[in-house]
>>> print(open('start24.json').read())   # JSON, C-alpha atoms
[["chain", "number", "residue", "atom", "x", "y", "z"],
["A", 17, "MET", "CA", 0.00, 0.00, 0.00],
["A", 18, "SER", "CA", 1.34, 3.41, -0.91],
["A", 19, "GLN", "CA", 2.22, 6.09, 1.60],
["A", 20, "ALA", "CA", -0.58, 8.32, 0.25],
["A", 21, "ALA", "CA", -3.16, 5.59, 0.72],
["A", 22, "GLN", "CA", -2.10, 5.09, 4.31],
["A", 23, "THR", "CA", -2.45, 8.78, 5.12],
["A", 24, "GLN", "CA", -6.05, 9.60, 5.78],
["A", 25, "ALA", "CA", -7.63, 13.00, 6.10],
["A", 26, "PRO", "CA", -8.13, 13.90, 9.73],
["A", 27, "ALA", "CA", -11.64, 13.27, 10.99],
["A", 28, "PRO", "CA", -13.66, 16.45, 11.38],
["A", 29, "ALA", "CA", -13.71, 17.66, 14.95],
["A", 30, "LYS", "CA", -16.96, 17.07, 16.75],
["A", 31, "LEU", "CA", -18.85, 20.23, 17.50],
["A", 32, "THR", "CA", -20.04, 21.03, 20.97],
["A", 33, "PRO", "CA", -23.76, 21.77, 21.38],
["A", 34, "MET", "CA", -22.92, 25.48, 21.71],
["A", 35, "GLN", "CA", -20.90, 25.40, 18.47],
["A", 36, "ARG", "CA", -23.80, 23.67, 16.69],
["A", 37, "GLU", "CA", -26.20, 26.40, 17.90],
["A", 38, "ALA", "CA", -23.77, 29.11, 16.76],
["A", 39, "ALA", "CA", -23.42, 27.46, 13.33],
["A", 40, "LYS", "CA", -27.21, 27.27, 13.01],
["A", 41, "ILE", "CA", -27.53, 31.00, 13.80],
["A", 42, "ARG", "CA", -24.64, 31.87, 11.44],
["A", 43, "ASP", "CA", -26.17, 29.92, 8.55],
["A", 44, "PHE", "CA", -29.63, 31.40, 9.17],
["A", 45, "LEU", "CA", -28.22, 34.96, 9.23],
["A", 46, "LYS", "CA", -26.28, 34.35, 6.00],
["A", 47, "ARG", "CA", -29.50, 33.26, 4.29],
["A", 48, "LYS", "CA", -31.41, 36.27, 5.66],
["A", 49, "GLN", "CA", -28.66, 38.89, 5.36],
["A", 50, "GLY", "CA", -30.48, 40.73, 2.57],
["A", 51, "ALA", "CA", -33.47, 41.35, 4.86],
["A", 52, "PHE", "CA", -31.53, 43.55, 7.29],
["A", 53, "GLU", "CA", -28.89, 44.74, 4.81],
["A", 54, "ALA", "CA", -31.54, 46.72, 2.91],
["A", 55, "LEU", "CA", -32.42, 48.61, 6.12],
["A", 56, "LEU", "CA", -28.87, 49.57, 7.08],
["A", 57, "PRO", "CA", -27.94, 53.25, 6.93],
["A", 58, "ALA", "CA", -24.73, 54.25, 5.17],
["A", 59, "HIS", "CA", -22.68, 54.38, 8.39],
["A", 60, "LEU", "CA", -23.32, 50.70, 9.18],
["A", 61, "LYS", "CA", -22.07, 47.77, 7.14],
["A", 62, "PRO", "CA", -23.40, 44.19, 7.44],
["A", 63, "GLU", "CA", -19.95, 42.93, 8.44],
["A", 64, "LYS", "CA", -19.82, 45.42, 11.31],
["A", 65, "MET", "CA", -23.25, 44.30, 12.53],
["A", 66, "MET", "CA", -22.17, 40.65, 12.37],
["A", 67, "LYS", "CA", -18.92, 41.38, 14.18],
["A", 68, "GLY", "CA", -20.78, 43.21, 16.93],
["A", 69, "PHE", "CA", -23.30, 40.39, 17.26],
["A", 70, "TRP", "CA", -20.60, 37.74, 17.59],
["A", 71, "ALA", "CA", -18.72, 39.90, 20.10],
["A", 72, "ALA", "CA", -21.91, 40.12, 22.18],
["A", 73, "ALA", "CA", -22.36, 36.35, 21.85],
["A", 74, "ALA", "CA", -18.80, 35.80, 23.09],
["A", 75, "ARG", "CA", -19.65, 37.85, 26.19],
["A", 76, "ASN", "CA", -22.98, 36.05, 26.71],
["A", 77, "PRO", "CA", -23.08, 32.50, 25.26],
["A", 78, "LYS", "CA", -26.85, 32.24, 25.85],
["A", 79, "ILE", "CA", -27.27, 34.48, 22.82],
["A", 80, "VAL", "CA", -26.58, 31.58, 20.45],
["A", 81, "GLN", "CA", -29.26, 29.52, 22.20],
["A", 82, "CYS", "CA", -31.93, 32.01, 21.08],
["A", 83, "SER", "CA", -34.37, 31.31, 18.28],
["A", 84, "PRO", "CA", -32.98, 32.30, 14.87],
["A", 85, "GLU", "CA", -36.11, 34.37, 14.20],
["A", 86, "SER", "CA", -35.56, 36.45, 17.33],
["A", 87, "VAL", "CA", -31.91, 36.97, 16.35],
["A", 88, "LEU", "CA", -33.00, 38.18, 12.90],
["A", 89, "ASN", "CA", -35.53, 40.49, 14.58],
["A", 90, "CYS", "CA", -32.68, 42.07, 16.57],
["A", 91, "PHE", "CA", -30.79, 42.70, 13.33],
["A", 92, "LEU", "CA", -33.90, 44.21, 11.70],
["A", 93, "VAL", "CA", -34.63, 46.52, 14.64],
["A", 94, "SER", "CA", -30.98, 47.55, 14.98],
["A", 95, "ALA", "CA", -30.64, 48.17, 11.24],
["A", 96, "SER", "CA", -33.84, 50.20, 11.03],
["A", 97, "LEU", "CA", -32.71, 52.39, 13.94],
["A", 98, "GLY", "CA", -29.13, 52.60, 12.70],
["A", 99, "LEU", "CA", -27.76, 51.34, 16.01],
["A", 100, "GLU", "CA", -24.83, 48.96, 16.12],
["A", 101, "ILE", "CA", -25.20, 45.68, 18.00],
["A", 102, "GLY", "CA", -22.67, 44.87, 20.69],
["A", 103, "ARG", "CA", -20.73, 48.14, 20.60],
["A", 104, "MET", "CA", -18.95, 48.56, 23.92],
["A", 105, "ARG", "CA", -19.40, 52.34, 23.85],
["A", 106, "GLY", "CA", -23.15, 52.05, 23.44],
["A", 107, "GLY", "CA", -25.78, 51.39, 20.85],
["A", 108, "MET", "CA", -27.98, 48.31, 20.90],
["A", 109, "HIS", "CA", -27.70, 45.54, 23.44],
["A", 110, "VAL", "CA", -29.09, 42.11, 22.62],
["A", 111, "VAL", "CA", -30.39, 40.30, 25.68],
["A", 112, "PRO", "CA", -31.60, 36.68, 25.85],
["A", 113, "PHE", "CA", -34.84, 36.04, 27.73],
["A", 114, "MET", "CA", -36.83, 32.87, 28.24],
["A", 115, "ASN", "CA", -40.28, 33.49, 26.73],
["A", 116, "LYS", "CA", -42.86, 30.70, 27.02],
["A", 117, "GLY", "CA", -40.15, 28.05, 27.01],
["A", 118, "VAL", "CA", -38.26, 29.54, 24.06],
["A", 119, "MET", "CA", -34.99, 31.45, 24.44],
["A", 120, "THR", "CA", -35.63, 34.77, 22.69],
["A", 121, "LEU", "CA", -33.21, 37.56, 21.88],
["A", 122, "THR", "CA", -34.48, 41.06, 22.59],
["A", 123, "PRO", "CA", -32.95, 44.30, 21.26],
["A", 124, "ILE", "CA", -32.58, 46.97, 23.95],
["A", 125, "PRO", "CA", -31.07, 50.35, 23.04],
["A", 126, "ASP", "CA", -28.87, 51.73, 25.79],
["A", 127, "TYR", "CA", -28.80, 55.39, 26.81],
["A", 128, "ARG", "CA", -26.04, 56.21, 24.34],
["A", 129, "GLY", "CA", -28.04, 54.64, 21.53],
["A", 130, "LEU", "CA", -31.11, 56.65, 22.55],
["A", 131, "MET", "CA", -29.01, 59.83, 22.69],
["A", 132, "ASP", "CA", -27.64, 59.04, 19.22],
["A", 133, "LEU", "CA", -31.20, 58.72, 17.89],
["A", 134, "ALA", "CA", -32.19, 61.99, 19.58],
["A", 135, "TYR", "CA", -29.24, 63.90, 18.09],
["A", 136, "ARG", "CA", -29.85, 62.40, 14.64],
["A", 137, "SER", "CA", -33.41, 63.73, 14.72],
["A", 138, "GLY", "CA", -31.98, 67.24, 14.36],
["A", 139, "GLN", "CA", -34.36, 68.48, 17.05],
["A", 140, "VAL", "CA", -32.10, 67.87, 20.06],
["A", 141, "LYS", "CA", -29.23, 70.27, 20.63],
["A", 142, "GLY", "CA", -28.00, 68.83, 23.91],
["A", 143, "ILE", "CA", -28.67, 66.18, 26.53],
["A", 144, "ARG", "CA", -27.08, 66.05, 29.92],
["A", 145, "ALA", "CA", -27.38, 64.05, 33.11],
["A", 146, "VAL", "CA", -26.95, 65.91, 36.38],
["A", 147, "PRO", "CA", -26.26, 64.34, 39.79],
["A", 148, "VAL", "CA", -27.96, 65.65, 42.94],
["A", 149, "TYR", "CA", -26.21, 65.11, 46.26],
["A", 150, "ASP", "CA", -27.35, 65.26, 49.89],
["A", 151, "GLY", "CA", -27.27, 68.93, 50.85],
["A", 152, "ASP", "CA", -28.16, 70.27, 47.37],
["A", 153, "LEU", "CA", -31.37, 72.21, 46.99],
["A", 154, "PHE", "CA", -33.53, 70.13, 44.68],
["A", 155, "GLU", "CA", -37.17, 70.77, 43.81],
["A", 156, "TYR", "CA", -39.11, 68.90, 41.18],
["A", 157, "GLU", "CA", -42.54, 70.05, 40.04],
["A", 158, "GLU", "CA", -45.09, 68.42, 37.75],
["A", 159, "GLY", "CA", -48.33, 69.85, 36.45],
["A", 160, "THR", "CA", -49.06, 72.77, 34.16],
["A", 161, "GLN", "CA", -45.64, 74.25, 34.96],
["A", 162, "ASP", "CA", -43.25, 71.29, 35.00],
["A", 163, "GLY", "CA", -39.81, 72.13, 36.24],
["A", 164, "ILE", "CA", -36.70, 71.34, 38.16],
["A", 165, "LYS", "CA", -34.87, 73.69, 40.49],
["A", 166, "HIS", "CA", -31.43, 72.47, 41.44],
["A", 167, "VAL", "CA", -28.87, 74.54, 43.32],
["A", 168, "PRO", "CA", -25.76, 72.46, 43.98],
["A", 169, "LYS", "CA", -24.05, 72.99, 47.31],
["A", 170, "LEU", "CA", -20.40, 73.01, 46.36],
["A", 171, "ASP", "CA", -18.81, 72.64, 49.80],
["A", 172, "ILE", "CA", -20.13, 69.12, 50.47],
["A", 173, "ASP", "CA", -18.77, 65.65, 49.78],
["A", 174, "ARG", "CA", -19.88, 64.96, 46.20],
["A", 175, "SER", "CA", -19.01, 61.27, 46.24],
["A", 176, "GLN", "CA", -21.12, 58.24, 45.31],
["A", 177, "VAL", "CA", -22.01, 57.75, 48.98],
["A", 178, "ASN", "CA", -23.90, 61.05, 49.04],
["A", 179, "LEU", "CA", -25.54, 60.71, 45.63],
["A", 180, "LYS", "CA", -29.29, 61.16, 46.02],
["A", 181, "TYR", "CA", -30.76, 61.52, 42.50],
["A", 182, "VAL", "CA", -29.77, 61.86, 38.90],
["A", 183, "TYR", "CA", -31.91, 63.74, 36.41],
["A", 184, "ALA", "CA", -31.58, 64.38, 32.70],
["A", 185, "VAL", "CA", -32.39, 67.47, 30.68],
["A", 186, "ALA", "CA", -32.73, 67.78, 26.91],
["A", 187, "HIS", "CA", -32.26, 71.02, 24.97],
["A", 188, "ILE", "CA", -34.74, 70.81, 22.10],
["A", 189, "GLU", "CA", -34.84, 73.16, 19.12],
["A", 190, "GLY", "CA", -37.50, 75.85, 19.66],
["A", 191, "ALA", "CA", -38.50, 74.61, 23.13],
["A", 192, "GLN", "CA", -37.73, 75.28, 26.74],
["A", 193, "LEU", "CA", -35.52, 72.89, 28.67],
["A", 194, "ILE", "CA", -37.30, 69.57, 28.91],
["A", 195, "PRO", "CA", -36.75, 67.52, 32.08],
["A", 196, "LEU", "CA", -36.52, 63.87, 31.07],
["A", 197, "GLY", "CA", -37.17, 62.52, 34.55],
["A", 198, "THR", "CA", -35.53, 61.75, 37.83],
["A", 199, "LEU", "CA", -34.17, 58.53, 39.16],
["A", 200, "ALA", "CA", -33.76, 57.79, 42.84],
["A", 201, "ALA", "CA", -30.20, 56.70, 43.40],
["A", 202, "ARG", "CA", -30.88, 55.18, 46.81]]
>>> encode(input="start24.json", output="structure tokens")
Amino acid sequence: MSQAAQTQAPAPAKLTPMQREAAKIRDFLKRKQGAFEALLPAHLKPEKMMKGFWAAAARNPKIVQCSPESVLNCFLVSASLGLEIGRMRGGMHVVPFMNKGVMTLTPIPDYRGLMDLAYRSGQVKGIRAVPVYDGDLFEYEEGTQDGIKHVPKLDIDRSQVNLKYVYAVAHIEGAQLIPLGTLAAR
């Protein structure tokens, strides 16, 4: 028998269940790429969306256990909003949830993604978050004259321990300052 006949091709490595799920998602997305590609704005490329998705999946392996349809939905929502999946500096998070016995991937824009959308509207000129600490004068009013009055007291400890609230304000073209809400920190 010749040397070539004795040498056999190595057997393909067996895939783990997680690798099989990832391959199923990858193949499904390749077949459906045109569906979300058509929605992408100029600043996002399909390869960048895929790279972000797989980076998110590396951080949270449950992502590849999600139904392929829910994964595609995340791509469609992200593409239509122009928000990148899995970007560490903000955009669109993809979060797996169990829904009626099926692992489902849900797109959730983070605050930076929401700010990006607000700025792209052309209506918003500025957004800022402001911390309120124990000792600051802080008054919040709702009704026909919504408003926030905040006078920071500068000679106090402005550390995390004394953080009381955080509120956000948006500067909108042709409008007064718009309070976006308050969040109790403690």
>>> closest_residue(input="start24.json", among="A:Val87, A:Glu37, A:Asn76, A:Asp150", to="Asp171 (chain A)", atoms="all atoms listed in the file")
A:Asp150
>>> atom_distance(input="start24.json", atom1="CA of Leu92 (chain A)", atom2="CA of Gln139 (chain A)")
24.9 Å
>>> axis_aligned_box(input="start24.json", around="region 65-72 of chain A", padding_each_side="3 Å", output="AutoDock Vina command-line options")
--center_x -21.0 --center_y 41.0 --center_z 17.3 --size_x 10.6 --size_y 12.6 --size_z 15.8
>>> residues_around(input="start24.json", residues="Lys40 (chain A)", least_positions_apart="6", cutoff="12 Å", atoms="all atoms listed in the file", output="PyMOL selection string")
chain A and resi 31+33-34+46-47+80-85+87
>>> closest_residue(input="start24.json", among="A:Pro57, A:Phe113, A:Asn89, A:Ala72", to="Leu45 (chain A)", atoms="only C-alpha atoms")
A:Asn89
>>> atom_distance(input="start24.json", atom1="CA of Phe91 (chain A)", atom2="CA of Leu130 (chain A)")
16.7 Å
>>> atom_distance(input="start24.json", atom1="CA of Ala74 (chain A)", atom2="CA of Ala38 (chain A)")
10.5 Å
>>> residues_near_point(input="start24.json", point="(-21.6, 62.9, 45.0)", cutoff="8 Å", atoms="all atoms listed in the file", output="PyMOL selection string")
chain A and resi 147-150+173-180
>>> residues_around(input="start24.json", residues="region 182-192 of chain A", least_positions_apart="6", cutoff="6 Å", atoms="all atoms listed in the file", output="ChimeraX atom specification")
/A:139-148,198-199
>>> residues_around(input="start24.json", residues="Glu100 (chain A)", least_positions_apart="4", cutoff="8 Å", atoms="all atoms listed in the file", output="VMD selection string")
chain A and resid 60 64 to 65 68 94 to 95 107 to 108
